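*Asks:* Structure: final-v5.cif, mmCIF, C-alpha atoms.
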```cif
data_query
loop_
_atom_site.group_PDB
_atom_site.id
_atom_site.type_symbol
_atom_site.label_atom_id
_atom_site.label_comp_id
_atom_site.auth_asym_id
_atom_site.auth_seq_id
_atom_site.Cartn_x
_atom_site.Cartn_y
_atom_site.Cartn_z
ATOM 1 C CA MET D 191 7.108 17.922 8.831
ATOM 2 C CA LYS D 192 4.268 18.740 11.182
ATOM 3 C CA ILE D 193 2.475 20.543 8.391
ATOM 4 C CA ALA D 194 2.820 17.567 6.092
ATOM 5 C CA VAL D 195 1.476 15.272 8.761
ATOM 6 C CA LEU D 196 -1.450 17.605 9.326
ATOM 7 C CA LEU D 197 -2.112 17.672 5.616
ATOM 8 C CA LEU D 198 -1.974 13.900 5.460
ATOM 9 C CA VAL D 199 -4.387 13.639 8.335
ATOM 10 C CA ALA D 200 -6.667 16.126 6.649
ATOM 11 C CA LEU D 201 -6.461 14.163 3.422
ATOM 12 C CA ALA D 202 -7.240 10.934 5.197
ATOM 13 C CA SER D 203 -10.252 12.440 6.843
ATOM 14 C CA GLY D 204 -11.553 13.600 3.500
ATOM 15 C CA CYS D 205 -12.118 17.193 4.540
ATOM 16 C CA SER D 206 -9.188 18.935 2.924
ATOM 17 C CA GLY D 207 -10.623 19.960 -0.425
ATOM 18 C CA GLU D 208 -8.558 17.274 -2.107
ATOM 19 C CA ARG D 209 -8.191 17.974 -5.809
ATOM 20 C CA ALA D 210 -6.690 16.483 -8.949
ATOM 21 C CA TYR D 211 -3.088 17.463 -9.563
ATOM 22 C CA ARG D 212 -2.788 19.756 -12.581
ATOM 23 C CA SER D 213 0.400 21.204 -13.981
ATOM 24 C CA GLU D 214 1.381 23.057 -17.132
ATOM 25 C CA LEU D 215 4.964 21.930 -16.651
ATOM 26 C CA PRO D 216 6.477 19.449 -19.101
ATOM 27 C CA ALA D 217 5.925 15.898 -17.913
ATOM 28 C CA ASN D 218 9.038 14.677 -16.140
ATOM 29 C CA LEU D 219 7.562 11.926 -13.979
ATOM 30 C CA ALA D 220 6.149 8.685 -15.353
ATOM 31 C CA VAL D 221 4.227 6.922 -12.616
ATOM 32 C CA THR D 222 3.048 3.328 -12.603
ATOM 33 C CA ALA D 223 1.363 1.405 -9.816
ATOM 34 C CA LYS D 224 0.866 -2.315 -9.462
ATOM 35 C CA THR D 225 -1.423 -3.422 -6.667
ATOM 36 C CA SER D 226 -2.979 -6.699 -5.738
ATOM 37 C CA GLY D 227 -5.441 -7.436 -2.989
ATOM 38 C CA SER D 228 -7.053 -10.725 -2.154
ATOM 39 C CA LEU D 229 -10.383 -12.471 -2.633
ATOM 40 C CA LEU D 230 -11.907 -10.286 0.071
ATOM 41 C CA SER D 231 -10.047 -7.032 -0.365
ATOM 42 C CA SER D 232 -8.880 -4.597 -2.990
ATOM 43 C CA VAL D 233 -6.014 -2.120 -2.958
ATOM 44 C CA GLY D 234 -5.806 1.158 -4.830
ATOM 45 C CA ALA D 235 -2.979 3.612 -5.380
ATOM 46 C CA ARG D 236 -2.810 7.407 -5.452
ATOM 47 C CA LEU D 237 -0.049 9.956 -5.493
ATOM 48 C CA HIS D 238 -0.305 13.196 -3.501
ATOM 49 C CA VAL D 239 2.036 15.939 -4.700
ATOM 50 C CA TYR D 240 3.374 18.684 -2.420
ATOM 51 C CA ASP D 241 5.664 21.607 -3.151
ATOM 52 C CA VAL D 242 8.372 22.068 -0.542
ATOM 53 C CA GLY D 243 9.360 25.544 0.502
ATOM 54 C CA PRO D 244 11.769 27.093 2.993
ATOM 55 C CA GLY D 245 11.946 25.310 6.322
ATOM 56 C CA CYS D 246 10.712 22.097 4.684
ATOM 57 C CA LYS D 247 7.197 23.523 4.553
ATOM 58 C CA ALA D 248 5.059 21.268 2.380
ATOM 59 C CA THR D 249 2.152 22.718 0.408
ATOM 60 C CA TYR D 250 -0.420 20.359 -1.074
ATOM 61 C CA ARG D 251 -0.755 20.694 -4.865
ATOM 62 C CA GLY D 252 -3.020 17.870 -5.796
ATOM 63 C CA THR D 253 -3.589 14.169 -6.171
ATOM 64 C CA VAL D 254 -3.009 11.803 -9.074
ATOM 65 C CA GLU D 255 -5.240 8.733 -9.244
ATOM 66 C CA LEU D 256 -3.109 5.812 -10.338
ATOM 67 C CA GLY D 257 -4.667 3.039 -12.360
ATOM 68 C CA GLY D 258 -3.023 0.135 -14.062
ATOM 69 C CA SER D 259 -1.569 2.288 -16.812
ATOM 70 C CA ARG D 260 1.334 4.704 -16.869
ATOM 71 C CA THR D 261 0.535 8.275 -15.860
ATOM 72 C CA GLU D 262 2.770 11.206 -16.778
ATOM 73 C CA VAL D 263 2.887 14.385 -14.718
ATOM 74 C CA GLY D 264 5.113 17.434 -14.514
ATOM 75 C CA VAL D 265 6.625 18.709 -11.283
ATOM 76 C CA PRO D 266 9.019 21.649 -10.932
ATOM 77 C CA ALA D 267 12.606 20.814 -11.841
ATOM 78 C CA GLY D 268 15.327 22.145 -9.582
ATOM 79 C CA SER D 269 13.147 22.401 -6.520
ATOM 80 C CA PRO D 270 12.010 19.708 -4.110
ATOM 81 C CA SER D 271 8.643 18.030 -4.304
ATOM 82 C CA TYR D 272 7.256 15.795 -1.584
ATOM 83 C CA LEU D 273 5.577 12.750 -3.066
ATOM 84 C CA VAL D 274 3.198 10.706 -0.951
ATOM 85 C CA PHE D 275 1.960 7.411 -2.338
ATOM 86 C CA GLU D 276 -1.247 6.322 -0.690
ATOM 87 C CA PHE D 277 -2.444 2.725 -0.811
ATOM 88 C CA PRO D 278 -6.085 2.547 0.321
ATOM 89 C CA ARG D 279 -7.251 -0.980 1.072
ATOM 90 C CA PHE D 280 -10.904 -1.926 1.152
ATOM 91 C CA SER D 281 -12.436 -5.100 2.489
ATOM 92 C CA LEU D 282 -15.905 -6.170 3.539
ATOM 93 C CA ILE D 283 -15.352 -5.124 7.135
ATOM 94 C CA ALA D 284 -12.692 -2.441 7.127
ATOM 95 C CA ARG D 285 -10.862 0.253 5.265
ATOM 96 C CA SER D 286 -7.213 1.035 5.913
ATOM 97 C CA THR D 287 -4.619 3.250 4.327
ATOM 98 C CA THR D 288 -0.869 3.121 4.290
ATOM 99 C CA HIS D 289 1.611 5.626 2.847
ATOM 100 C CA PHE D 290 5.063 5.738 1.305
ATOM 101 C CA GLU D 291 6.649 9.184 1.289
ATOM 102 C CA THR D 292 9.729 10.541 -0.402
ATOM 103 C CA LEU D 293 11.309 13.822 -1.293
ATOM 104 C CA LEU D 294 12.394 14.283 -4.899
ATOM 105 C CA THR D 295 14.287 17.171 -6.476
ATOM 106 C CA PRO D 296 14.107 16.558 -10.232
ATOM 107 C CA ARG D 297 17.088 17.732 -12.212
ATOM 108 C CA PRO D 298 16.361 19.939 -15.235
ATOM 109 C CA GLY D 299 16.072 17.851 -18.390
ATOM 110 C CA TYR D 300 16.012 14.558 -16.534
ATOM 111 C CA ARG D 301 13.062 12.211 -16.482
ATOM 112 C CA TYR D 302 11.949 10.014 -13.614
ATOM 113 C CA ASP D 303 10.170 6.677 -13.485
ATOM 114 C CA LEU D 304 8.189 6.122 -10.297
ATOM 115 C CA GLU D 305 7.146 2.523 -9.763
ATOM 116 C CA ALA D 306 4.784 1.977 -6.848
ATOM 117 C CA SER D 307 3.628 -1.422 -5.710
ATOM 118 C CA TYR D 308 1.481 -3.139 -3.102
ATOM 119 C CA ALA D 309 1.343 -6.930 -2.947
ATOM 120 C CA ASP D 310 1.061 -9.485 -0.154
ATOM 121 C CA ASP D 311 0.912 -6.744 2.512
ATOM 122 C CA LEU D 312 4.250 -5.312 1.335
ATOM 123 C CA TYR D 313 4.366 -1.929 -0.341
ATOM 124 C CA GLY D 314 6.839 0.617 -1.617
ATOM 125 C CA ALA D 315 7.902 2.841 -4.442
ATOM 126 C CA THR D 316 11.103 2.950 -6.432
ATOM 127 C CA ILE D 317 12.324 6.008 -8.304
ATOM 128 C CA TYR D 318 14.625 5.788 -11.322
ATOM 129 C CA GLU D 319 16.369 8.749 -12.946
ATOM 130 C CA ARG D 320 17.086 9.008 -16.669
ATOM 131 C CA PRO D 321 19.555 11.611 -17.991
ATOM 132 C CA PRO D 322 18.460 13.810 -20.921
ATOM 133 C CA ALA D 323 20.084 11.764 -23.670
ATOM 134 C CA GLY D 324 20.681 8.563 -21.790
ATOM 135 C CA LYS D 325 18.855 5.311 -22.047
ATOM 136 C CA THR D 326 20.134 3.768 -18.871
ATOM 137 C CA ARG D 327 18.521 4.732 -15.612
ATOM 138 C CA ARG D 328 19.709 4.714 -12.022
ATOM 139 C CA GLU D 329 17.780 4.219 -8.837
ATOM 140 C CA VAL D 330 17.303 7.260 -6.647
ATOM 141 C CA ALA D 331 17.171 6.646 -2.893
ATOM 142 C CA SER D 332 14.049 7.782 -1.085
ATOM 143 C CA ARG D 333 14.506 10.684 1.323
ATOM 144 C CA PRO D 334 12.371 11.963 4.193
ATOM 145 C CA LEU D 335 10.863 15.441 4.126
ATOM 146 C CA THR D 336 13.281 16.497 6.845
ATOM 147 C CA ALA D 337 16.120 16.089 4.328
ATOM 148 C CA CYS D 338 14.806 18.963 2.208
ATOM 149 C CA GLY D 339 17.601 21.328 3.227
ATOM 150 C CA LEU D 340 20.397 18.825 2.641
ATOM 151 C CA MET A 252 -14.306 -4.826 14.270
ATOM 152 C CA THR A 253 -11.140 -5.172 12.196
ATOM 153 C CA ARG A 254 -8.633 -7.981 12.546
ATOM 154 C CA ARG A 255 -6.325 -5.478 14.199
ATOM 155 C CA SER A 256 -8.755 -4.241 16.806
ATOM 156 C CA LEU A 257 -9.870 -7.800 17.503
ATOM 157 C CA SER A 258 -6.238 -8.744 18.056
ATOM 158 C CA LEU A 259 -5.756 -5.804 20.375
ATOM 159 C CA ALA A 260 -8.870 -6.695 22.334
ATOM 160 C CA VAL A 261 -7.653 -10.266 22.742
ATOM 161 C CA LEU A 262 -4.225 -9.003 23.735
ATOM 162 C CA LEU A 263 -5.651 -6.601 26.299
ATOM 163 C CA SER A 264 -7.923 -9.270 27.764
ATOM 164 C CA ALA A 265 -5.051 -11.715 28.011
ATOM 165 C CA SER A 266 -2.816 -9.095 29.617
ATOM 166 C CA LEU A 267 -5.462 -8.173 32.156
ATOM 167 C CA ALA A 268 -5.941 -11.807 32.981
ATOM 168 C CA GLY A 269 -2.274 -11.940 33.830
ATOM 169 C CA CYS A 270 -1.653 -14.912 31.579
ATOM 170 C CA MET A 271 0.956 -13.272 29.419
ATOM 171 C CA THR A 272 3.332 -10.339 29.280
ATOM 172 C CA LEU A 273 5.047 -8.710 26.389
ATOM 173 C CA PRO A 274 8.817 -8.347 26.511
ATOM 174 C CA ARG A 275 10.398 -5.316 28.143
ATOM 175 C CA THR A 276 13.859 -5.949 26.714
ATOM 176 C CA PRO A 277 15.223 -7.199 23.376
ATOM 177 C CA ASP A 278 16.804 -10.159 25.171
ATOM 178 C CA LEU A 279 13.437 -11.260 26.517
ATOM 179 C CA THR A 280 12.072 -11.193 22.974
ATOM 180 C CA ARG A 281 14.951 -13.389 21.804
ATOM 181 C CA LYS A 282 14.646 -15.806 24.703
ATOM 182 C CA SER A 283 10.896 -16.202 24.570
ATOM 183 C CA ALA A 284 10.975 -16.827 20.807
ATOM 184 C CA GLN A 285 13.852 -19.282 21.177
ATOM 185 C CA SER A 286 11.853 -21.190 23.763
ATOM 186 C CA GLY A 287 8.770 -21.260 21.553
ATOM 187 C CA ALA A 288 6.541 -19.296 23.937
ATOM 188 C CA ALA A 289 3.014 -18.340 22.917
ATOM 189 C CA LEU A 290 2.681 -15.477 20.411
ATOM 190 C CA THR A 291 6.313 -15.853 19.354
ATOM 191 C CA GLU A 292 7.869 -16.659 16.024
ATOM 192 C CA LYS A 293 11.435 -17.096 14.826
ATOM 193 C CA ASP A 294 13.140 -17.435 11.483
ATOM 194 C CA ILE A 295 16.840 -18.200 11.213
ATOM 195 C CA PHE A 296 18.625 -18.303 7.876
ATOM 196 C CA GLU A 297 21.824 -17.382 6.045
ATOM 197 C CA VAL A 298 22.181 -14.957 3.167
ATOM 198 C CA LYS A 299 24.965 -14.764 0.623
ATOM 199 C CA ARG A 300 25.665 -11.136 1.402
ATOM 200 C CA PRO A 301 28.340 -9.540 3.560
ATOM 201 C CA LEU A 302 27.263 -8.145 6.914
ATOM 202 C CA PRO A 303 27.793 -4.457 5.919
ATOM 203 C CA GLN A 304 25.336 -4.935 3.055
ATOM 204 C CA VAL A 305 22.711 -6.315 5.422
ATOM 205 C CA ALA A 306 23.453 -3.483 7.853
ATOM 206 C CA ASP A 307 22.995 -0.932 5.087
ATOM 207 C CA ALA A 308 19.626 -2.432 4.152
ATOM 208 C CA PHE A 309 18.445 -2.363 7.772
ATOM 209 C CA GLN A 310 19.656 1.226 8.262
ATOM 210 C CA ARG A 311 17.920 2.394 5.099
ATOM 211 C CA LYS A 312 14.651 0.526 5.374
ATOM 212 C CA ALA A 313 13.927 0.512 9.115
ATOM 213 C CA PRO A 314 13.342 4.273 9.489
ATOM 214 C CA GLU A 315 11.602 4.458 6.120
ATOM 215 C CA CYS A 316 9.205 1.582 6.765
ATOM 216 C CA LEU A 317 8.877 1.076 10.506
ATOM 217 C CA SER A 318 8.899 4.548 12.028
ATOM 218 C CA LYS A 319 5.115 4.878 11.820
ATOM 219 C CA ARG A 320 1.925 5.649 13.648
ATOM 220 C CA VAL A 321 -0.988 3.433 12.738
ATOM 221 C CA THR A 322 -4.569 4.417 13.402
ATOM 222 C CA GLY A 323 -7.216 1.768 13.881
ATOM 223 C CA ARG A 324 -10.953 2.519 13.875
ATOM 224 C CA TRP A 325 -13.808 0.214 14.661
ATOM 225 C CA MET A 326 -17.386 0.264 15.844
ATOM 226 C CA GLU A 327 -18.112 -0.873 19.380
ATOM 227 C CA ASN A 328 -21.676 -0.845 20.673
ATOM 228 C CA GLY A 329 -22.581 1.731 18.071
ATOM 229 C CA VAL A 330 -19.693 4.008 18.996
ATOM 230 C CA MET A 331 -16.740 4.659 16.703
ATOM 231 C CA ARG A 332 -13.527 3.823 18.560
ATOM 232 C CA ARG A 333 -10.079 5.002 17.536
ATOM 233 C CA GLN A 334 -6.664 3.820 18.616
ATOM 234 C CA VAL A 335 -3.209 4.944 17.540
ATOM 235 C CA ARG A 336 -0.193 2.674 17.813
ATOM 236 C CA ALA A 337 3.341 4.053 17.457
ATOM 237 C CA TYR A 338 6.268 2.011 16.156
ATOM 238 C CA LYS A 339 9.892 2.888 16.830
ATOM 239 C CA PRO A 340 12.733 1.079 15.072
ATOM 240 C CA THR A 341 16.359 1.160 16.261
ATOM 241 C CA VAL A 342 19.339 -0.206 14.331
ATOM 242 C CA ASN A 343 22.635 -0.822 16.126
ATOM 243 C CA VAL A 344 25.672 -1.684 14.041
ATOM 244 C CA SER A 345 29.058 -3.053 15.077
ATOM 245 C CA LYS A 346 31.684 -5.069 13.214
ATOM 246 C CA GLU A 347 30.400 -8.378 14.510
ATOM 247 C CA HIS A 348 26.715 -7.790 15.036
ATOM 248 C CA VAL A 349 23.836 -5.827 13.569
ATOM 249 C CA GLU A 350 20.549 -5.634 15.392
ATOM 250 C CA LEU A 351 17.240 -4.154 14.361
ATOM 251 C CA ILE A 352 14.814 -3.657 17.218
ATOM 252 C CA LEU A 353 11.174 -2.693 16.812
ATOM 253 C CA GLN A 354 9.200 -1.282 19.723
ATOM 254 C CA SER A 355 5.496 -0.607 19.750
ATOM 255 C CA ARG A 356 2.984 0.988 22.070
ATOM 256 C CA ILE A 357 -0.493 2.435 22.012
ATOM 257 C CA VAL A 358 -0.274 6.222 22.207
ATOM 258 C CA GLU A 359 -3.927 7.215 21.826
ATOM 259 C CA GLY A 360 -7.279 5.592 22.437
ATOM 260 C CA SER A 361 -6.482 3.302 25.350
ATOM 261 C CA THR A 362 -3.937 2.662 28.049
ATOM 262 C CA GLU A 363 -1.618 -0.301 28.148
ATOM 263 C CA LEU A 364 -0.882 -1.696 31.575
ATOM 264 C CA GLY A 365 2.074 -3.578 32.923
ATOM 265 C CA GLY A 366 5.089 -1.289 33.109
ATOM 266 C CA ILE A 367 5.557 -0.661 29.440
ATOM 267 C CA PRO A 368 9.030 0.698 28.464
ATOM 268 C CA PRO A 369 9.054 4.360 27.320
ATOM 269 C CA ASP A 370 9.118 3.581 23.589
ATOM 270 C CA GLY A 371 7.007 0.467 23.823
ATOM 271 C CA TRP A 372 7.209 -3.313 24.049
ATOM 272 C CA TYR A 373 10.064 -4.987 22.212
ATOM 273 C CA ILE A 374 7.986 -6.859 19.674
ATOM 274 C CA VAL A 375 10.576 -7.693 16.977
ATOM 275 C CA VAL A 376 14.328 -8.257 17.116
ATOM 276 C CA ALA A 377 16.504 -9.040 14.106
ATOM 277 C CA ASP A 378 20.127 -10.055 14.640
ATOM 278 C CA ALA A 379 22.740 -10.441 11.909
ATOM 279 C CA TYR A 380 26.188 -11.992 12.395
ATOM 280 C CA PRO A 381 29.004 -12.548 9.903
ATOM 281 C CA VAL A 382 29.602 -16.195 8.977
ATOM 282 C CA ASP A 383 32.371 -15.402 6.528
ATOM 283 C CA ARG A 384 33.236 -12.478 4.241
ATOM 284 C CA ASN A 385 30.249 -13.074 1.992
ATOM 285 C CA THR A 386 27.761 -14.822 4.219
ATOM 286 C CA THR A 387 25.597 -13.463 7.011
ATOM 287 C CA ARG A 388 23.473 -15.387 9.486
ATOM 288 C CA VAL A 389 20.181 -13.652 10.250
ATOM 289 C CA GLU A 390 17.981 -14.433 13.223
ATOM 290 C CA LEU A 391 14.489 -12.941 13.365
ATOM 291 C CA TYR A 392 12.399 -13.038 16.530
ATOM 292 C CA LYS A 393 8.896 -11.773 17.214
ATOM 293 C CA HIS A 394 6.852 -11.687 20.381
ATOM 294 C CA ALA A 395 3.469 -10.121 19.661
ATOM 295 C CA ILE A 396 0.083 -10.905 18.216
ATOM 296 C CA GLY A 397 0.271 -10.601 14.431
ATOM 297 C CA HIS A 398 3.220 -8.730 12.955
ATOM 298 C CA SER A 399 4.429 -11.732 10.938
ATOM 299 C CA ILE A 400 4.507 -9.398 7.965
ATOM 300 C CA VAL A 401 7.282 -7.441 9.725
ATOM 301 C CA LEU A 402 9.481 -10.550 9.836
ATOM 302 C CA LYS A 403 8.697 -11.216 6.188
ATOM 303 C CA ALA A 404 9.706 -7.665 5.252
ATOM 304 C CA ILE A 405 12.962 -7.792 7.246
ATOM 305 C CA LYS A 406 13.808 -11.098 5.590
ATOM 306 C CA GLY A 407 13.281 -9.431 2.210
ATOM 307 C CA TRP A 408 15.652 -6.593 3.174
ATOM 308 C CA ALA A 409 18.265 -9.048 4.454
ATOM 309 C CA THR A 410 18.199 -11.180 1.322
ATOM 310 C CA GLY A 411 17.685 -8.215 -0.998
ATOM 311 C CA ALA A 412 14.836 -10.094 -2.659
ATOM 312 C CA ASN A 413 12.098 -7.652 -1.680
ATOM 313 C CA MET A 414 12.657 -4.161 -0.310
ATOM 314 C CA GLY A 415 8.963 -3.505 0.324
ATOM 315 C CA CYS A 416 7.649 -2.041 3.563
ATOM 316 C CA PRO A 417 5.255 -4.081 5.698
ATOM 317 C CA ASP A 418 1.723 -2.736 5.822
ATOM 318 C CA LEU A 419 1.437 -2.226 9.566
ATOM 319 C CA THR A 420 -2.291 -1.590 9.261
ATOM 320 C CA GLN A 421 -2.700 -5.295 8.476
ATOM 321 C CA THR A 422 -0.843 -6.679 11.495
#
```
Could you render the structure as C-alpha cells?
*Replies:*
Amino acid sequence: MKIAVLLLVALASGCSGERAYRSELPANLAVTAKTSGSLLSSVGARLHVYDVGPGCKATYRGTVELGGSRTEVGVPAGSPSYLVFEFPRFSLIARSTTHFETLLTPRPGYRYDLEASYADDLYGATIYERPPAGKTRREVASRPLTACGL
Amino acid sequence: MTRRSLSLAVLLSASLAGCMTLPRTPDLTRKSAQSGAALTEKDIFEVKRPLPQVADAFQRKAPECLSKRVTGRWMENGVMRRQVRAYKPTVNVSKEHVELILQSRIVEGSTELGGIPPDGWYIVVADAYPVDRNTTRVELYKHAIGHSIVLKAIKGWATGANMGCPDLTQT
C-alpha cells in the first residue's frame, strides 16, 4: 500500500518517468470515460496500471490516456492488477487531481468493461464482467489494494 | 489561491477570532445543523429502500470514497504553500440506526487550534432510521465550510441514484 501511495505521489509530481501502458496480451479490458467540467474548468481521465505481486506490492506498468472513445487494453488474466483512475481538473486558477482505485483479478477468457465518470464533482468507476460466451454482464465490486491476498 | 485554500484561510481567521468552533462530537454536528447555525446544512428525506440496503451502501462507499488525504497548493506572497487534509469516515450499524460520520483535520502544512479531536472535527453526520420494512428516513447534517458535495454524494448512496464519490479537492 505504501509503495502504491509513493508511486501515486511520484506520478502526481510528474517525476516518475510516467509512460504509456503497452501490453502484448490480448485485450480483456474495454475502458470508457465520460467527464464533464464547467464553463471555467475541464476534467480529463487517465488510467494508471500496476501489477500486484506478493505482499500486495504494486509495480507501475504504464498509463492509458482516456478520451471520449472506448480504449481496449490487455492486463494479465489470473493475477491481480491495481487500476488507478485519475481525474485531473484544470481551471483558470488551479489544478487538482482526484483518484479512484480498485484491484481487479481478471478471469481467463472473461472480458471487462470499465466505465469511469466525472460529473458535477462526483466521480467513480464501475467494472462489469462478461463471461467468455455470455452476453450478459455483472458488476464487479471495487476492492482496495490491501485485499490483494484475499 | 484556490477556492479551497481561500475557504481554509477564512475558516482559520474565523477560528482565531473566536467567533466560531467546529464540532468535537457527532451530536454537536447534529444539534448545530438542526438549529441552523452558521456553516451548517441539513437534508432530511425518506427513501424507498430498507435500512440494511442503505447500511450496505454506506459501508461500501464510505471507505472507498471518503478515506482520503487531499493536498491543496497555492501561491502566497510568491511562495508555494502546501496543505494536506485527512478525512476519516466511520460507519456504525445497528438494527434501528445507521450512522456515517466523517471527520477531517489538517495533517500537514499548518496547525489547527482549539482542541481538535484525534481524528479531526466532526464535519458530516448521516443518520438512517427504519420507517417501515421498505422505507428509511435519512438525515444528513454538515458543519463545515464547503463540503456540500459530500452531502450530495451520501444522498446518492442512500437513494441508490448515484454511487459516485465526492471530489474532496473541490470542497
*Asks:* Using all atoms listed in the file - which residues lie no farther than 12 Å from the point (13.0, 26.4, 3.2) in the file's frame? Write them as a PyMOL selection string.
*Replies:* chain D and resi 191+241-249+269-270+335-340
*Asks:* Only residues of chain D matter here; which ones have an atom within 6 Å of chain A, counting only C-alpha atoms? Give them as a PyMOL selection string.
*Replies:* chain D and resi 284+311-314
*Asks:* Counting only C-alpha atoms, I want the residues whose atoms come within 10 Å of (19.9, -14.4, 9.2) in the file frame, returned as a list in words.
*Replies:*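 Protein and nucleic acid residues near the point are Asp294, Ile295, Phe296, Glu297, Val298, Lys299, Leu302, Val305, Ala377, Asp378, Ala379, Tyr380, Pro381, Val382, Thr386, Thr387, Arg388, Val389, Glu390, Leu391, Ile405, Lys406, Ala409 and Thr410 of chain A.
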*Asks:* I'd like to see the residues matched by the PyMOL selection byres ((chain A and resi 347-358) around 6) on this file, and ideally I'd get them as a ChimeraX atom specification.
*Replies:* /A:335-346,359,371-380
*Asks:* Run through the PyMOL selection byres ((chain D and resi 287) around 6) on the given coordinates and return the selected residues as a PyMOL selection string.
*Replies:* chain D and resi 277-279+286+288
*Asks:* To test your reading of the syntax: which residues would the PyMOL selection byres ((chain A and resi 279) around 12) return for the file shown? Reply as a ChimeraX atom specification.
*Replies:* /A:272-278,280-286,288,291,372-376,392-394
*Asks:* Find the spatial neighbours of stretch 217-234 of chain D, counting all atoms listed in the file, within a cut-off of 6 Å - ignore same-chain residues fewer than 5 positions away - and output them as a PDB file with C-alpha atoms, in the frame of the given file.
*Replies:*
```pdb
ATOM      1  CA  ARG D 260       1.334   4.704 -16.869  1.00  0.00           C
ATOM      2  CA  THR D 261       0.535   8.275 -15.860  1.00  0.00           C
ATOM      3  CA  GLU D 262       2.770  11.206 -16.778  1.00  0.00           C
ATOM      4  CA  VAL D 263       2.887  14.385 -14.718  1.00  0.00           C
ATOM      5  CA  GLY D 264       5.113  17.434 -14.514  1.00  0.00           C
ATOM      6  CA  PHE D 277      -2.444   2.725  -0.811  1.00  0.00           C
ATOM      7  CA  PRO D 278      -6.085   2.547   0.321  1.00  0.00           C
ATOM      8  CA  ARG D 279      -7.251  -0.980   1.072  1.00  0.00           C
ATOM      9  CA  PHE D 280     -10.904  -1.926   1.152  1.00  0.00           C
ATOM     10  CA  SER D 281     -12.436  -5.100   2.489  1.00  0.00           C
ATOM     11  CA  ARG D 301      13.062  12.211 -16.482  1.00  0.00           C
ATOM     12  CA  TYR D 302      11.949  10.014 -13.614  1.00  0.00           C
ATOM     13  CA  ASP D 303      10.170   6.677 -13.485  1.00  0.00           C
ATOM     14  CA  LEU D 304       8.189   6.122 -10.297  1.00  0.00           C
ATOM     15  CA  GLU D 305       7.146   2.523  -9.763  1.00  0.00           C
ATOM     16  CA  ALA D 306       4.784   1.977  -6.848  1.00  0.00           C
ATOM     17  CA  SER D 307       3.628  -1.422  -5.710  1.00  0.00           C
ATOM     18  CA  TYR D 308       1.481  -3.139  -3.102  1.00  0.00           C
ATOM     19  CA  ALA D 309       1.343  -6.930  -2.947  1.00  0.00           C
TER      20      ALA D 309
END
```
*Asks:* Which of these, D:Arg327, D:Arg251, D:His238, D:Arg333, has the shortest distance to D:Thr295 once you count only C-alpha atoms?
*Replies:* D:Arg333
*Asks:* Can you measure atom CA of D:Pro322 to atom CA of D:Tyr240 for me? One decimal in Å is fine.
*Replies:* 24.4 Å
*Asks:* Quote the spacing between atom CA of D:Ala315 and atom CA of D:Arg297 in Å to one decimal place.
*Replies:*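 Calculated distance between atom CA of D:Ala315 and atom CA of D:Arg297 is 19.1 Å.
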*Asks:* Mind filling out stretch 361-374 of chain A with N, CA and C atoms and sending it as a compact mmCIF listing (two decimals), keeping the file's coordinate frame?
*Replies:*
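Wrote it out as part-v1.txt, contents follow:
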```txt
# COMPACT_ATOMS: atom_id res chain seq x y z
N SER A 361 -6.37 4.16 24.18
CA SER A 361 -6.48 3.30 25.35
C SER A 361 -5.14 3.28 26.07
N THR A 362 -5.15 2.68 27.23
CA THR A 362 -3.94 2.66 28.05
C THR A 362 -3.46 1.23 28.21
N GLU A 363 -2.19 1.03 27.95
CA GLU A 363 -1.62 -0.30 28.15
C GLU A 363 -1.07 -0.38 29.57
N LEU A 364 -1.33 -1.51 30.19
CA LEU A 364 -0.88 -1.70 31.58
C LEU A 364 0.37 -2.58 31.61
N GLY A 365 1.02 -2.57 32.74
CA GLY A 365 2.07 -3.58 32.92
C GLY A 365 3.48 -3.07 32.79
N GLY A 366 3.71 -1.79 33.10
CA GLY A 366 5.09 -1.29 33.11
C GLY A 366 5.74 -1.27 31.75
N ILE A 367 5.04 -0.70 30.81
CA ILE A 367 5.56 -0.66 29.44
C ILE A 367 6.80 0.24 29.35
N PRO A 368 7.85 -0.17 28.65
CA PRO A 368 9.03 0.70 28.46
C PRO A 368 8.65 1.98 27.72
N PRO A 369 9.44 3.05 27.87
CA PRO A 369 9.05 4.36 27.32
C PRO A 369 8.69 4.34 25.83
N ASP A 370 9.43 3.61 25.03
CA ASP A 370 9.12 3.58 23.59
C ASP A 370 8.33 2.35 23.17
N GLY A 371 7.89 1.58 24.15
CA GLY A 371 7.01 0.47 23.82
C GLY A 371 7.63 -0.90 24.06
N TRP A 372 6.77 -1.92 23.92
CA TRP A 372 7.21 -3.31 24.05
C TRP A 372 8.20 -3.63 22.92
N TYR A 373 9.09 -4.54 23.23
CA TYR A 373 10.06 -4.99 22.21
C TYR A 373 9.43 -6.14 21.44
N ILE A 374 8.79 -5.82 20.34
CA ILE A 374 7.99 -6.86 19.67
C ILE A 374 8.77 -7.64 18.62
```
